[in-house]
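To keep things clear, I will list the structure first and then write my remarks on it.
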Amino acid sequence: MELREVREQLDAIRERIQADGRVLPGGFLRVDGFLNHRIDPAFVREAGAVLTQVFAGRAPTCVLTAEAAGNVIAYETARRLGAAALYAKKGAAATMAHALISRLRSPTKGDEVDLCVSADYLCPGERVLVVDDFLHRGTTSAALATMVAQGGATLVGFGFVVEKRQSGGREALARFGVPVVALASIASMDPDTGEIVFAEA
């Protein structure tokens with residue numbers, strides 16, 4: 001399904017981001033009052049429904065994200081798809097067997113972190129949709145996609161609630177050859193006025 005087929009739902013999602021999102025200096029958008037800290041179940045339900053409509057035809061069996069901000073939207077999307085929800089942990093747990101590990105620099109904190117997923121759950125036969133709250137530079141999602149390949153699973157797409165369009169994340173993920181979908185793609189933000197300009201879907 002194309003995003004233009006869910007225009008009404010997209011408009012509602014963007015209106016909420018415009019109304020309750022806070023544009024901060026340095027190019028940051030604060031949506032932690034309803035998406036990734038304090039959670040509004042109605043907003044997450046709507047966003048998960050749209051991602052499900054868009055990706056259902058690609059038949060994902062697993063929705064993968066990185067802890068912790070993406071967990072809620074990934075779970076809701078997985079629930080609606082009838083798929084498993086899987087999140088990459090930051091650091092390998094002692095109980096994790098056959099860990100797939102990808103080291104990357106945290107896009108928000110700047111330090112290096114290991115993302116770890118058990119190869120028992122990311123394995124041949126799985127069709128994996130990567131879902132997260134934000135697409136910025138694409139570093140985290142690219143690391144997850146690489147782990148999908150390492151596990152022998154099949155990547156079917158990337159889905160995000162918010163994309164900072166000019167940060168280059170979409171271009172960074174293009175090399176994986178699967179659809180990259182963002183429900184609210186932001187072309188520009190003004191911290192002085194709080195204005196958010198959305199790119200066309």
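Following the order of the structure tokens, chains are lettered A, B, ..., residues in each are numbered from 1, and ligands are numbered from 1.
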Every residue of stretch 25-166 of chain A that DSSP places in helix (DSSP H, G or I), as a PyMOL selection string: chain A and resi 41-58+71-81+139-150+165-166
All residues 10 Å or closer to stretch 52-59 of chain A, only C-alpha atoms, same chain fewer than 2 positions away omitted, as an MDAnalysis selection string: chainID A and resid 1:3 5:6 46:50 61:62 76:83 126:129 155:159 179 181
Residues near A:Ile196, cut-off 8 Å, only C-alpha atoms, skip fewer than 4 positions along chain, as number ranges by chain: A: 18, 23, 186-190
Per-residue DSSP, stretch 60-164 of chain A, filtered to strand (DSSP E), as an MDAnalysis selection string: chainID A and resid 62:66 84:90 99:105 112:118 127:135 154:164
One-decimal distance in Å that lies between atom CA of A:His136 and atom CA of A:Gly169: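 Result for atom CA of A:Gly169 versus atom CA of A:His136: 5.3 Å, one decimal.
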One-decimal distance in Å that lies between atom CA of A:Ala66 and atom CA of A:Thr140: 7.5 Å
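For the choices A:Met147, A:Ala153, A:Val31, A:Val162, the atom-to-atom distance to A:Phe134 is smallest for A:Val162 when using only C-alpha atoms.
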Nearest to A:Thr193 by atom-to-atom distance, counting only C-alpha atoms, from A:Arg170, A:Arg14, A:Arg22, A:Arg175: A:Arg22
Spatial neighbours of A:Ala99, max dist 10 Å, only C-alpha atoms, sep filter under 5 positions, as a ChimeraX atom specification: /A:92-93,115-122,147,151
Write out, as a JSON list (two decimals), in the first residue's frame, the residues just selected, with C-alpha atoms.
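File produced: again24.json:
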```json
[["chain", "number", "residue", "atom", "x", "y", "z"],
["A", 92, "ALA", "CA", 24.83, -8.73, 25.58],
["A", 93, "ALA", "CA", 22.97, -10.32, 28.48],
["A", 115, "LEU", "CA", 23.43, -3.79, 19.93],
["A", 116, "CYS", "CA", 22.82, -7.49, 20.54],
["A", 117, "VAL", "CA", 20.17, -9.91, 19.28],
["A", 118, "SER", "CA", 20.07, -13.65, 19.74],
["A", 119, "ALA", "CA", 20.57, -15.50, 16.49],
["A", 120, "ASP", "CA", 17.96, -17.93, 17.80],
["A", 121, "TYR", "CA", 15.33, -15.28, 17.02],
["A", 122, "LEU", "CA", 16.85, -13.63, 13.94],
["A", 147, "MET", "CA", 22.32, -8.04, 11.85],
["A", 151, "GLY", "CA", 21.40, -14.04, 10.93]]
```
Nearest residue to A:Val161 from the set A:Val178, A:Tyr75, A:Gly70, A:Leu173 (distances using only C-alpha atoms): A:Gly70
Near-A:Ile17 list (10 Å; only C-alpha atoms; drop same-chain fewer than 4 positions) as a list of chain:residue names: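 Counting only the stated atoms, we get A:Asp11, A:Ala12, A:Ile13, A:Gly21, A:Arg22, A:Leu29, A:Arg30, A:Val31, A:Phe34, A:Leu35, A:Phe43, A:Val162, A:Ala184, A:Ile196.
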Output the selection as an mmCIF file, in the first residue's frame - C-alpha atoms for each residue.
```
data_model
loop_
_atom_site.group_PDB
_atom_site.id
_atom_site.type_symbol
_atom_site.label_atom_id
_atom_site.label_comp_id
_atom_site.auth_asym_id
_atom_site.auth_seq_id
_atom_site.Cartn_x
_atom_site.Cartn_y
_atom_site.Cartn_z
ATOM 1 C CA ASP A 11 -2.738 14.093 8.460
ATOM 2 C CA ALA A 12 -3.869 13.220 12.001
ATOM 3 C CA ILE A 13 -0.392 11.976 12.947
ATOM 4 C CA GLY A 21 6.028 18.376 19.389
ATOM 5 C CA ARG A 22 8.603 20.898 20.610
ATOM 6 C CA LEU A 29 12.379 17.600 17.964
ATOM 7 C CA ARG A 30 10.912 16.674 21.335
ATOM 8 C CA VAL A 31 7.996 14.235 21.102
ATOM 9 C CA PHE A 34 3.284 11.222 23.544
ATOM 10 C CA LEU A 35 5.642 8.908 21.624
ATOM 11 C CA PHE A 43 -1.299 7.963 19.003
ATOM 12 C CA VAL A 162 9.177 10.614 12.288
ATOM 13 C CA ALA A 184 5.837 12.220 9.190
ATOM 14 C CA ILE A 196 7.418 22.270 11.549
#
```
Contacts of A:Leu64 within 6 Å, only C-alpha atoms, excl. fewer than 3 positions in-chain, as a count of residues only: 3
Atomic separation - atom CA of A:Asp132 relative to atom CA of A:Pro191, Å: 24.0 Å
